[in-house]
Amino acid sequence: MTDRVQYTPGPASGARVQKGRGQNGEEKWTLILVRELHHPPEKVWQALTDPEHLREWAPFDADGSLGTVGNTVKLTTVGAPTPRITETTVTRADAPKLLEYKWGGFDMRWELEALGGGTRLTLWTNIGHRFIAMGAAGWHICFDVLDHLLSGAPIGRIVGPEAMKFGWQRLNSEYAKQLGIETPNWPPKPAQES
């Protein structure tokens with residue numbers, strides 16, 4: 001494993017947000033993240049669908065492959081104070097181009113586009129408005145870890161509170177500014193004593 005102490009995330013980039021309406025007319029926010037990876041789509045696909053690979057970079061563990069339509073898989077959030085386990089069914093798996101499933105009730109859509117010898121990876125996920133910048137910062141770090149893994153220089157998964165040691169707060173602020181979102185008060189500061 002490469003020395004993770006040396007890892008520092010680059011500046012916030014490749015994120016945008018779409019506002020739409022859900023089936024009941026409620027606001028629906030979609031975070032769209034794009035990352036160019038220097039690895040072919042087949043290699044990236046394996047990292048997105050294989051439980052052993054997911055364990056190295058994703059914010060959740062999977063108890064089965066996400067690469068087959070109809071597979072029912074338990075996804076367990078990693079780094080949360082209490083592990084959250086949700087069951088999902090893969091709704092689209094067009095290897096190595098398109099993958100869709102839900103994680104904790106949120107739609108996850110991954111598109112892989114061949115780009116030279118690499119891949120343009122795009123993630124669409126619906127997310128609560130107040131969590132957009134936080135989500136973008138977290139996925140930014142996950143994608144960096146994924147890139148290291150695919151390059152053969154793994155640094156180990158960085159999620160949850162551990163991400164705070166690796167520039168998550170800076171990324172959160174940068175994404176909030178880029179996306180025009182009020183920077184959340186995170187971590188919460190104690191109330192002033194009167």
# chains A, B, ... in the order shown; residues from 1 in each chain; ligands from 1
$ closest_atom_pairs --of "range 59-113 of chain A" --to "range 157-161 of chain A" --cutoff "10 Å" --atoms "only C-alpha atoms" --output "tab-separated table"
residue	atom	partner	partner_atom	distance
A:Pro59	CA	A:Val159	CA	5.9
A:Phe60	CA	A:Val159	CA	9.0
A:Thr77	CA	A:Gly160	CA	9.3
A:Val78	CA	A:Val159	CA	7.0
A:Gly79	CA	A:Gly160	CA	4.2
A:Ala80	CA	A:Gly160	CA	5.9
A:Pro81	CA	A:Gly160	CA	8.6
$ select_by_dssp --residues "chain A" --states "strand (DSSP E or B)" --output "MDAnalysis selection string"
chainID A and resid 15:21 27:37 60:62 72:77 85:89 92:94 98:103 106:115 118:126
$ closest_atom_pairs --of "range 80-164 of chain A" --to "range 5-17 of chain A" --cutoff "8 Å" --atoms "only C-alpha atoms" --output "tab-separated table"
residue	atom	partner	partner_atom	distance
A:Ala136	CA	A:Ala15	CA	7.0
A:Ala137	CA	A:Ala12	CA	7.6
A:His140	CA	A:Ala12	CA	7.6
A:Ile141	CA	A:Pro9	CA	6.6
A:Asp144	CA	A:Pro9	CA	7.2
$ closest_atom_pairs --of "range 104-173 of chain A" --to "range 24-45 of chain A" --cutoff "6 Å" --atoms "only C-alpha atoms" --output "tab-separated table"
residue	atom	partner	partner_atom	distance
A:Gly117	CA	A:Pro40	CA	5.9
A:Gly118	CA	A:His38	CA	4.3
A:Thr119	CA	A:Leu37	CA	5.2
A:Arg120	CA	A:Glu36	CA	4.4
A:Leu121	CA	A:Arg35	CA	5.2
A:Thr122	CA	A:Val34	CA	4.4
A:Leu123	CA	A:Leu33	CA	5.2
A:Trp124	CA	A:Ile32	CA	4.6
A:Thr125	CA	A:Leu31	CA	5.4
A:Asn126	CA	A:Thr30	CA	4.1
A:Ile127	CA	A:Trp29	CA	5.7
$ select_by_dssp --residues "chain A" --states "helix (DSSP H, G or I)" --output "PDB file with N, CA, C and O atoms, in the first residue's frame"
ATOM      1  N   ARG A   4      -0.386   6.689   2.483  1.00  0.00           N
ATOM      2  CA  ARG A   4      -1.545   7.556   2.379  1.00  0.00           C
ATOM      3  C   ARG A   4      -1.347   8.910   3.029  1.00  0.00           C
ATOM      4  O   ARG A   4      -2.079   9.854   2.728  1.00  0.00           O
ATOM      5  N   VAL A   5      -0.331   9.027   3.896  1.00  0.00           N
ATOM      6  CA  VAL A   5      -0.055  10.317   4.529  1.00  0.00           C
ATOM      7  C   VAL A   5       0.286  11.357   3.457  1.00  0.00           C
ATOM      8  O   VAL A   5       0.034  12.540   3.621  1.00  0.00           O
ATOM      9  N   GLN A   6       0.834  10.908   2.334  1.00  0.00           N
ATOM     10  CA  GLN A   6       1.217  11.802   1.252  1.00  0.00           C
ATOM     11  C   GLN A   6       0.017  12.291   0.429  1.00  0.00           C
ATOM     12  O   GLN A   6       0.146  13.210  -0.371  1.00  0.00           O
ATOM     13  N   PRO A  41     -12.472   1.312 -19.579  1.00  0.00           N
ATOM     14  CA  PRO A  41     -13.782   1.095 -18.954  1.00  0.00           C
ATOM     15  C   PRO A  41     -13.935  -0.278 -18.299  1.00  0.00           C
ATOM     16  O   PRO A  41     -14.559  -0.377 -17.233  1.00  0.00           O
ATOM     17  N   GLU A  42     -13.380  -1.332 -18.885  1.00  0.00           N
ATOM     18  CA  GLU A  42     -13.526  -2.678 -18.307  1.00  0.00           C
ATOM     19  C   GLU A  42     -12.916  -2.746 -16.902  1.00  0.00           C
ATOM     20  O   GLU A  42     -13.465  -3.384 -16.000  1.00  0.00           O
ATOM     21  N   LYS A  43     -11.782  -2.075 -16.723  1.00  0.00           N
ATOM     22  CA  LYS A  43     -11.106  -2.073 -15.409  1.00  0.00           C
ATOM     23  C   LYS A  43     -11.903  -1.242 -14.392  1.00  0.00           C
ATOM     24  O   LYS A  43     -12.052  -1.627 -13.237  1.00  0.00           O
ATOM     25  N   VAL A  44     -12.426  -0.096 -14.849  1.00  0.00           N
ATOM     26  CA  VAL A  44     -13.233   0.757 -13.979  1.00  0.00           C
ATOM     27  C   VAL A  44     -14.530   0.030 -13.610  1.00  0.00           C
ATOM     28  O   VAL A  44     -14.960   0.047 -12.454  1.00  0.00           O
ATOM     29  N   TRP A  45     -15.148  -0.637 -14.579  1.00  0.00           N
ATOM     30  CA  TRP A  45     -16.387  -1.399 -14.339  1.00  0.00           C
ATOM     31  C   TRP A  45     -16.186  -2.416 -13.216  1.00  0.00           C
ATOM     32  O   TRP A  45     -17.016  -2.535 -12.313  1.00  0.00           O
ATOM     33  N   GLN A  46     -15.082  -3.134 -13.269  1.00  0.00           N
ATOM     34  CA  GLN A  46     -14.806  -4.136 -12.233  1.00  0.00           C
ATOM     35  C   GLN A  46     -14.733  -3.476 -10.857  1.00  0.00           C
ATOM     36  O   GLN A  46     -15.265  -3.993  -9.880  1.00  0.00           O
ATOM     37  N   ALA A  47     -14.101  -2.296 -10.783  1.00  0.00           N
ATOM     38  CA  ALA A  47     -13.986  -1.590  -9.500  1.00  0.00           C
ATOM     39  C   ALA A  47     -15.342  -1.107  -8.992  1.00  0.00           C
ATOM     40  O   ALA A  47     -15.544  -0.984  -7.779  1.00  0.00           O
ATOM     41  N   LEU A  48     -16.287  -0.845  -9.904  1.00  0.00           N
ATOM     42  CA  LEU A  48     -17.625  -0.371  -9.519  1.00  0.00           C
ATOM     43  C   LEU A  48     -18.564  -1.497  -9.116  1.00  0.00           C
ATOM     44  O   LEU A  48     -19.581  -1.253  -8.467  1.00  0.00           O
ATOM     45  N   THR A  49     -18.259  -2.725  -9.527  1.00  0.00           N
ATOM     46  CA  THR A  49     -19.228  -3.811  -9.348  1.00  0.00           C
ATOM     47  C   THR A  49     -18.747  -4.958  -8.463  1.00  0.00           C
ATOM     48  O   THR A  49     -19.564  -5.657  -7.873  1.00  0.00           O
ATOM     49  N   PRO A  51     -17.329  -6.758  -5.239  1.00  0.00           N
ATOM     50  CA  PRO A  51     -17.262  -6.454  -3.801  1.00  0.00           C
ATOM     51  C   PRO A  51     -15.831  -6.271  -3.276  1.00  0.00           C
ATOM     52  O   PRO A  51     -15.604  -5.410  -2.426  1.00  0.00           O
ATOM     53  N   GLU A  52     -14.878  -7.067  -3.772  1.00  0.00           N
ATOM     54  CA  GLU A  52     -13.490  -6.938  -3.305  1.00  0.00           C
ATOM     55  C   GLU A  52     -12.909  -5.573  -3.679  1.00  0.00           C
ATOM     56  O   GLU A  52     -12.180  -4.971  -2.896  1.00  0.00           O
ATOM     57  N   HIS A  53     -13.218  -5.098  -4.877  1.00  0.00           N
ATOM     58  CA  HIS A  53     -12.736  -3.786  -5.305  1.00  0.00           C
ATOM     59  C   HIS A  53     -13.452  -2.661  -4.562  1.00  0.00           C
ATOM     60  O   HIS A  53     -12.823  -1.697  -4.128  1.00  0.00           O
ATOM     61  N   LEU A  54     -14.776  -2.778  -4.420  1.00  0.00           N
ATOM     62  CA  LEU A  54     -15.547  -1.753  -3.711  1.00  0.00           C
ATOM     63  C   LEU A  54     -15.007  -1.549  -2.293  1.00  0.00           C
ATOM     64  O   LEU A  54     -14.962  -0.426  -1.798  1.00  0.00           O
ATOM     65  N   ARG A  55     -14.605  -2.634  -1.663  1.00  0.00           N
ATOM     66  CA  ARG A  55     -14.079  -2.579  -0.293  1.00  0.00           C
ATOM     67  C   ARG A  55     -12.826  -1.706  -0.188  1.00  0.00           C
ATOM     68  O   ARG A  55     -12.473  -1.231   0.881  1.00  0.00           O
ATOM     69  N   GLU A  56     -12.163  -1.478  -1.312  1.00  0.00           N
ATOM     70  CA  GLU A  56     -10.920  -0.697  -1.308  1.00  0.00           C
ATOM     71  C   GLU A  56     -11.127   0.804  -1.482  1.00  0.00           C
ATOM     72  O   GLU A  56     -10.222   1.579  -1.218  1.00  0.00           O
ATOM     73  N   TRP A  57     -12.318   1.227  -1.965  1.00  0.00           N
ATOM     74  CA  TRP A  57     -12.472   2.656  -2.255  1.00  0.00           C
ATOM     75  C   TRP A  57     -13.855   3.244  -1.967  1.00  0.00           C
ATOM     76  O   TRP A  57     -13.978   4.440  -1.714  1.00  0.00           O
ATOM     77  N   HIS A 129     -30.691  18.544  -0.603  1.00  0.00           N
ATOM     78  CA  HIS A 129     -30.041  19.809  -0.950  1.00  0.00           C
ATOM     79  C   HIS A 129     -28.932  20.190   0.024  1.00  0.00           C
ATOM     80  O   HIS A 129     -27.861  20.603  -0.387  1.00  0.00           O
ATOM     81  N   ARG A 130     -29.170  20.032   1.300  1.00  0.00           N
ATOM     82  CA  ARG A 130     -28.157  20.459   2.277  1.00  0.00           C
ATOM     83  C   ARG A 130     -26.936  19.551   2.317  1.00  0.00           C
ATOM     84  O   ARG A 130     -25.936  19.888   2.949  1.00  0.00           O
ATOM     85  N   PHE A 131     -26.988  18.420   1.630  1.00  0.00           N
ATOM     86  CA  PHE A 131     -25.851  17.491   1.628  1.00  0.00           C
ATOM     87  C   PHE A 131     -25.056  17.494   0.319  1.00  0.00           C
ATOM     88  O   PHE A 131     -24.114  16.723   0.163  1.00  0.00           O
ATOM     89  N   ILE A 132     -25.437  18.352  -0.640  1.00  0.00           N
ATOM     90  CA  ILE A 132     -24.811  18.331  -1.961  1.00  0.00           C
ATOM     91  C   ILE A 132     -23.302  18.543  -1.886  1.00  0.00           C
ATOM     92  O   ILE A 132     -22.530  17.749  -2.435  1.00  0.00           O
ATOM     93  N   ALA A 133     -22.853  19.607  -1.239  1.00  0.00           N
ATOM     94  CA  ALA A 133     -21.409  19.892  -1.173  1.00  0.00           C
ATOM     95  C   ALA A 133     -20.683  18.808  -0.375  1.00  0.00           C
ATOM     96  O   ALA A 133     -19.577  18.386  -0.754  1.00  0.00           O
ATOM     97  N   MET A 134     -21.303  18.337   0.698  1.00  0.00           N
ATOM     98  CA  MET A 134     -20.696  17.267   1.501  1.00  0.00           C
ATOM     99  C   MET A 134     -20.537  16.003   0.664  1.00  0.00           C
ATOM    100  O   MET A 134     -19.499  15.346   0.713  1.00  0.00           O
ATOM    101  N   GLY A 135     -21.584  15.664  -0.082  1.00  0.00           N
ATOM    102  CA  GLY A 135     -21.534  14.488  -0.943  1.00  0.00           C
ATOM    103  C   GLY A 135     -20.466  14.619  -2.017  1.00  0.00           C
ATOM    104  O   GLY A 135     -19.706  13.681  -2.282  1.00  0.00           O
ATOM    105  N   ALA A 136     -20.390  15.793  -2.643  1.00  0.00           N
ATOM    106  CA  ALA A 136     -19.377  16.025  -3.677  1.00  0.00           C
ATOM    107  C   ALA A 136     -17.974  15.869  -3.102  1.00  0.00           C
ATOM    108  O   ALA A 136     -17.099  15.242  -3.715  1.00  0.00           O
ATOM    109  N   ALA A 137     -17.748  16.398  -1.900  1.00  0.00           N
ATOM    110  CA  ALA A 137     -16.430  16.284  -1.259  1.00  0.00           C
ATOM    111  C   ALA A 137     -16.094  14.832  -0.945  1.00  0.00           C
ATOM    112  O   ALA A 137     -14.965  14.375  -1.186  1.00  0.00           O
ATOM    113  N   GLY A 138     -17.065  14.099  -0.427  1.00  0.00           N
ATOM    114  CA  GLY A 138     -16.829  12.695  -0.097  1.00  0.00           C
ATOM    115  C   GLY A 138     -16.542  11.856  -1.327  1.00  0.00           C
ATOM    116  O   GLY A 138     -15.599  11.053  -1.350  1.00  0.00           O
ATOM    117  N   TRP A 139     -17.344  12.032  -2.386  1.00  0.00           N
ATOM    118  CA  TRP A 139     -17.116  11.269  -3.622  1.00  0.00           C
ATOM    119  C   TRP A 139     -15.804  11.661  -4.278  1.00  0.00           C
ATOM    120  O   TRP A 139     -15.116  10.820  -4.866  1.00  0.00           O
ATOM    121  N   HIS A 140     -15.409  12.939  -4.170  1.00  0.00           N
ATOM    122  CA  HIS A 140     -14.120  13.389  -4.715  1.00  0.00           C
ATOM    123  C   HIS A 140     -12.982  12.550  -4.129  1.00  0.00           C
ATOM    124  O   HIS A 140     -12.138  12.028  -4.856  1.00  0.00           O
ATOM    125  N   ILE A 141     -12.996  12.414  -2.812  1.00  0.00           N
ATOM    126  CA  ILE A 141     -11.947  11.623  -2.138  1.00  0.00           C
ATOM    127  C   ILE A 141     -12.060  10.151  -2.539  1.00  0.00           C
ATOM    128  O   ILE A 141     -11.048   9.506  -2.835  1.00  0.00           O
ATOM    129  N   CYS A 142     -13.277   9.616  -2.591  1.00  0.00           N
ATOM    130  CA  CYS A 142     -13.452   8.211  -3.017  1.00  0.00           C
ATOM    131  C   CYS A 142     -12.892   7.999  -4.424  1.00  0.00           C
ATOM    132  O   CYS A 142     -12.225   6.996  -4.690  1.00  0.00           O
ATOM    133  N   PHE A 143     -13.167   8.938  -5.341  1.00  0.00           N
ATOM    134  CA  PHE A 143     -12.665   8.801  -6.710  1.00  0.00           C
ATOM    135  C   PHE A 143     -11.140   8.870  -6.751  1.00  0.00           C
ATOM    136  O   PHE A 143     -10.512   8.184  -7.554  1.00  0.00           O
ATOM    137  N   ASP A 144     -10.540   9.706  -5.908  1.00  0.00           N
ATOM    138  CA  ASP A 144      -9.069   9.755  -5.825  1.00  0.00           C
ATOM    139  C   ASP A 144      -8.532   8.402  -5.371  1.00  0.00           C
ATOM    140  O   ASP A 144      -7.563   7.884  -5.927  1.00  0.00           O
ATOM    141  N   VAL A 145      -9.156   7.829  -4.344  1.00  0.00           N
ATOM    142  CA  VAL A 145      -8.729   6.524  -3.825  1.00  0.00           C
ATOM    143  C   VAL A 145      -8.913   5.459  -4.909  1.00  0.00           C
ATOM    144  O   VAL A 145      -8.049   4.597  -5.101  1.00  0.00           O
ATOM    145  N   LEU A 146     -10.021   5.530  -5.650  1.00  0.00           N
ATOM    146  CA  LEU A 146     -10.267   4.615  -6.759  1.00  0.00           C
ATOM    147  C   LEU A 146      -9.152   4.725  -7.803  1.00  0.00           C
ATOM    148  O   LEU A 146      -8.635   3.712  -8.285  1.00  0.00           O
ATOM    149  N   ASP A 147      -8.774   5.940  -8.150  1.00  0.00           N
ATOM    150  CA  ASP A 147      -7.724   6.148  -9.153  1.00  0.00           C
ATOM    151  C   ASP A 147      -6.398   5.540  -8.688  1.00  0.00           C
ATOM    152  O   ASP A 147      -5.699   4.881  -9.459  1.00  0.00           O
ATOM    153  N   HIS A 148      -6.050   5.739  -7.421  1.00  0.00           N
ATOM    154  CA  HIS A 148      -4.831   5.120  -6.864  1.00  0.00           C
ATOM    155  C   HIS A 148      -4.912   3.599  -6.953  1.00  0.00           C
ATOM    156  O   HIS A 148      -3.942   2.936  -7.327  1.00  0.00           O
ATOM    157  N   LEU A 149      -6.064   3.034  -6.599  1.00  0.00           N
ATOM    158  CA  LEU A 149      -6.264   1.586  -6.642  1.00  0.00           C
ATOM    159  C   LEU A 149      -6.061   1.060  -8.063  1.00  0.00           C
ATOM    160  O   LEU A 149      -5.317   0.098  -8.282  1.00  0.00           O
ATOM    161  N   LEU A 150      -6.713   1.711  -9.034  1.00  0.00           N
ATOM    162  CA  LEU A 150      -6.613   1.267 -10.423  1.00  0.00           C
ATOM    163  C   LEU A 150      -5.197   1.424 -10.979  1.00  0.00           C
ATOM    164  O   LEU A 150      -4.808   0.710 -11.895  1.00  0.00           O
ATOM    165  N   GLY A 160     -16.039   8.628   5.830  1.00  0.00           N
ATOM    166  CA  GLY A 160     -16.533   9.001   7.149  1.00  0.00           C
ATOM    167  C   GLY A 160     -15.614  10.000   7.826  1.00  0.00           C
ATOM    168  O   GLY A 160     -14.952  10.803   7.171  1.00  0.00           O
ATOM    169  N   PRO A 161     -15.530   9.937   9.157  1.00  0.00           N
ATOM    170  CA  PRO A 161     -14.720  10.904   9.904  1.00  0.00           C
ATOM    171  C   PRO A 161     -13.249  10.919   9.473  1.00  0.00           C
ATOM    172  O   PRO A 161     -12.592  11.948   9.570  1.00  0.00           O
ATOM    173  N   GLU A 162     -12.739   9.812   8.966  1.00  0.00           N
ATOM    174  CA  GLU A 162     -11.345   9.764   8.550  1.00  0.00           C
ATOM    175  C   GLU A 162     -11.059  10.745   7.407  1.00  0.00           C
ATOM    176  O   GLU A 162      -9.963  11.276   7.276  1.00  0.00           O
ATOM    177  N   ALA A 163     -12.069  11.022   6.586  1.00  0.00           N
ATOM    178  CA  ALA A 163     -11.892  11.953   5.464  1.00  0.00           C
ATOM    179  C   ALA A 163     -11.526  13.351   5.957  1.00  0.00           C
ATOM    180  O   ALA A 163     -10.883  14.128   5.237  1.00  0.00           O
ATOM    181  N   MET A 164     -11.897  13.676   7.194  1.00  0.00           N
ATOM    182  CA  MET A 164     -11.562  14.984   7.779  1.00  0.00           C
ATOM    183  C   MET A 164     -10.047  15.193   7.833  1.00  0.00           C
ATOM    184  O   MET A 164      -9.571  16.317   7.772  1.00  0.00           O
ATOM    185  N   LYS A 165      -9.288  14.107   7.948  1.00  0.00           N
ATOM    186  CA  LYS A 165      -7.826  14.204   8.026  1.00  0.00           C
ATOM    187  C   LYS A 165      -7.201  14.449   6.661  1.00  0.00           C
ATOM    188  O   LYS A 165      -6.008  14.667   6.558  1.00  0.00           O
ATOM    189  N   PHE A 166      -8.020  14.368   5.594  1.00  0.00           N
ATOM    190  CA  PHE A 166      -7.488  14.428   4.235  1.00  0.00           C
ATOM    191  C   PHE A 166      -8.112  15.536   3.391  1.00  0.00           C
ATOM    192  O   PHE A 166      -8.269  15.382   2.185  1.00  0.00           O
ATOM    193  N   TRP A 168     -11.214  17.022   3.557  1.00  0.00           N
ATOM    194  CA  TRP A 168     -12.640  17.016   3.249  1.00  0.00           C
ATOM    195  C   TRP A 168     -13.281  18.388   3.492  1.00  0.00           C
ATOM    196  O   TRP A 168     -14.079  18.850   2.681  1.00  0.00           O
ATOM    197  N   GLN A 169     -12.921  19.065   4.591  1.00  0.00           N
ATOM    198  CA  GLN A 169     -13.538  20.356   4.909  1.00  0.00           C
ATOM    199  C   GLN A 169     -13.256  21.377   3.805  1.00  0.00           C
ATOM    200  O   GLN A 169     -14.146  22.118   3.396  1.00  0.00           O
ATOM    201  N   ARG A 170     -12.007  21.408   3.296  1.00  0.00           N
ATOM    202  CA  ARG A 170     -11.660  22.335   2.222  1.00  0.00           C
ATOM    203  C   ARG A 170     -12.486  22.028   0.979  1.00  0.00           C
ATOM    204  O   ARG A 170     -13.053  22.931   0.365  1.00  0.00           O
ATOM    205  N   LEU A 171     -12.570  20.747   0.622  1.00  0.00           N
ATOM    206  CA  LEU A 171     -13.355  20.360  -0.549  1.00  0.00           C
ATOM    207  C   LEU A 171     -14.825  20.723  -0.370  1.00  0.00           C
ATOM    208  O   LEU A 171     -15.468  21.220  -1.298  1.00  0.00           O
ATOM    209  N   ASN A 172     -15.369  20.487   0.800  1.00  0.00           N
ATOM    210  CA  ASN A 172     -16.759  20.816   1.097  1.00  0.00           C
ATOM    211  C   ASN A 172     -17.005  22.304   0.837  1.00  0.00           C
ATOM    212  O   ASN A 172     -17.966  22.673   0.161  1.00  0.00           O
ATOM    213  N   SER A 173     -16.118  23.161   1.320  1.00  0.00           N
ATOM    214  CA  SER A 173     -16.254  24.611   1.113  1.00  0.00           C
ATOM    215  C   SER A 173     -16.109  24.974  -0.359  1.00  0.00           C
ATOM    216  O   SER A 173     -16.866  25.799  -0.876  1.00  0.00           O
ATOM    217  N   GLU A 174     -15.137  24.373  -1.044  1.00  0.00           N
ATOM    218  CA  GLU A 174     -14.919  24.668  -2.465  1.00  0.00           C
ATOM    219  C   GLU A 174     -16.128  24.255  -3.300  1.00  0.00           C
ATOM    220  O   GLU A 174     -16.569  25.002  -4.178  1.00  0.00           O
ATOM    221  N   TYR A 175     -16.665  23.057  -3.045  1.00  0.00           N
ATOM    222  CA  TYR A 175     -17.841  22.619  -3.800  1.00  0.00           C
ATOM    223  C   TYR A 175     -19.049  23.495  -3.480  1.00  0.00           C
ATOM    224  O   TYR A 175     -19.824  23.833  -4.376  1.00  0.00           O
ATOM    225  N   ALA A 176     -19.223  23.870  -2.226  1.00  0.00           N
ATOM    226  CA  ALA A 176     -20.345  24.736  -1.858  1.00  0.00           C
ATOM    227  C   ALA A 176     -20.263  26.044  -2.641  1.00  0.00           C
ATOM    228  O   ALA A 176     -21.269  26.517  -3.192  1.00  0.00           O
ATOM    229  N   LYS A 177     -19.073  26.615  -2.725  1.00  0.00           N
ATOM    230  CA  LYS A 177     -18.885  27.871  -3.450  1.00  0.00           C
ATOM    231  C   LYS A 177     -19.149  27.661  -4.947  1.00  0.00           C
ATOM    232  O   LYS A 177     -19.880  28.431  -5.569  1.00  0.00           O
ATOM    233  N   GLN A 178     -18.565  26.615  -5.532  1.00  0.00           N
ATOM    234  CA  GLN A 178     -18.737  26.345  -6.958  1.00  0.00           C
ATOM    235  C   GLN A 178     -20.192  26.086  -7.330  1.00  0.00           C
ATOM    236  O   GLN A 178     -20.641  26.474  -8.402  1.00  0.00           O
ATOM    237  N   LEU A 179     -20.907  25.401  -6.466  1.00  0.00           N
ATOM    238  CA  LEU A 179     -22.278  25.012  -6.762  1.00  0.00           C
ATOM    239  C   LEU A 179     -23.312  26.024  -6.266  1.00  0.00           C
ATOM    240  O   LEU A 179     -24.514  25.811  -6.402  1.00  0.00           O
TER     241      LEU A 179
END
$ closest_residue --among "A:Gly22, A:Gly128, A:Pro83, A:Gly67" --to "Lys97 in chain A" --atoms "only C-alpha atoms"
A:Gly67
$ atom_distance --atom1 "CA of Thr76 in chain A" --atom2 "CA of Leu99 in chain A"
18.5 Å
$ decode --residues "range 23-37 of chain A" --atoms "N, CA and C atoms" --output "PDB file, in the first residue's frame"
ATOM      1  N   GLN A  23     -41.893  12.606  -8.285  1.00  0.00           N
ATOM      2  CA  GLN A  23     -43.219  12.168  -8.730  1.00  0.00           C
ATOM      3  C   GLN A  23     -44.343  12.881  -7.991  1.00  0.00           C
ATOM      4  N   ASN A  24     -44.096  13.275  -6.743  1.00  0.00           N
ATOM      5  CA  ASN A  24     -45.126  13.952  -5.949  1.00  0.00           C
ATOM      6  C   ASN A  24     -44.978  15.463  -5.979  1.00  0.00           C
ATOM      7  N   GLY A  25     -44.145  15.982  -6.903  1.00  0.00           N
ATOM      8  CA  GLY A  25     -43.973  17.419  -7.027  1.00  0.00           C
ATOM      9  C   GLY A  25     -42.935  18.003  -6.078  1.00  0.00           C
ATOM     10  N   GLU A  26     -42.325  17.184  -5.240  1.00  0.00           N
ATOM     11  CA  GLU A  26     -41.320  17.686  -4.302  1.00  0.00           C
ATOM     12  C   GLU A  26     -40.018  17.992  -5.050  1.00  0.00           C
ATOM     13  N   GLU A  27     -39.209  18.888  -4.468  1.00  0.00           N
ATOM     14  CA  GLU A  27     -37.904  19.204  -5.055  1.00  0.00           C
ATOM     15  C   GLU A  27     -37.034  17.956  -5.070  1.00  0.00           C
ATOM     16  N   LYS A  28     -36.325  17.770  -6.160  1.00  0.00           N
ATOM     17  CA  LYS A  28     -35.412  16.636  -6.266  1.00  0.00           C
ATOM     18  C   LYS A  28     -34.082  17.167  -6.797  1.00  0.00           C
ATOM     19  N   TRP A  29     -33.036  16.943  -6.036  1.00  0.00           N
ATOM     20  CA  TRP A  29     -31.711  17.439  -6.399  1.00  0.00           C
ATOM     21  C   TRP A  29     -30.852  16.261  -6.858  1.00  0.00           C
ATOM     22  N   THR A  30     -30.109  16.471  -7.932  1.00  0.00           N
ATOM     23  CA  THR A  30     -29.211  15.445  -8.441  1.00  0.00           C
ATOM     24  C   THR A  30     -27.802  16.014  -8.503  1.00  0.00           C
ATOM     25  N   LEU A  31     -26.893  15.327  -7.844  1.00  0.00           N
ATOM     26  CA  LEU A  31     -25.473  15.676  -7.886  1.00  0.00           C
ATOM     27  C   LEU A  31     -24.863  14.881  -9.029  1.00  0.00           C
ATOM     28  N   ILE A  32     -24.148  15.569  -9.912  1.00  0.00           N
ATOM     29  CA  ILE A  32     -23.507  14.926 -11.056  1.00  0.00           C
ATOM     30  C   ILE A  32     -22.008  15.172 -10.941  1.00  0.00           C
ATOM     31  N   LEU A  33     -21.255  14.089 -10.874  1.00  0.00           N
ATOM     32  CA  LEU A  33     -19.800  14.173 -10.738  1.00  0.00           C
ATOM     33  C   LEU A  33     -19.142  13.492 -11.920  1.00  0.00           C
ATOM     34  N   VAL A  34     -18.147  14.149 -12.496  1.00  0.00           N
ATOM     35  CA  VAL A  34     -17.430  13.600 -13.641  1.00  0.00           C
ATOM     36  C   VAL A  34     -15.949  13.522 -13.291  1.00  0.00           C
ATOM     37  N   ARG A  35     -15.363  12.386 -13.574  1.00  0.00           N
ATOM     38  CA  ARG A  35     -13.926  12.203 -13.324  1.00  0.00           C
ATOM     39  C   ARG A  35     -13.332  11.445 -14.499  1.00  0.00           C
ATOM     40  N   GLU A  36     -12.204  11.921 -14.994  1.00  0.00           N
ATOM     41  CA  GLU A  36     -11.487  11.210 -16.051  1.00  0.00           C
ATOM     42  C   GLU A  36     -10.411  10.349 -15.408  1.00  0.00           C
ATOM     43  N   LEU A  37     -10.448   9.069 -15.732  1.00  0.00           N
ATOM     44  CA  LEU A  37      -9.506   8.094 -15.180  1.00  0.00           C
ATOM     45  C   LEU A  37      -8.644   7.541 -16.313  1.00  0.00           C
TER      46      LEU A  37
END
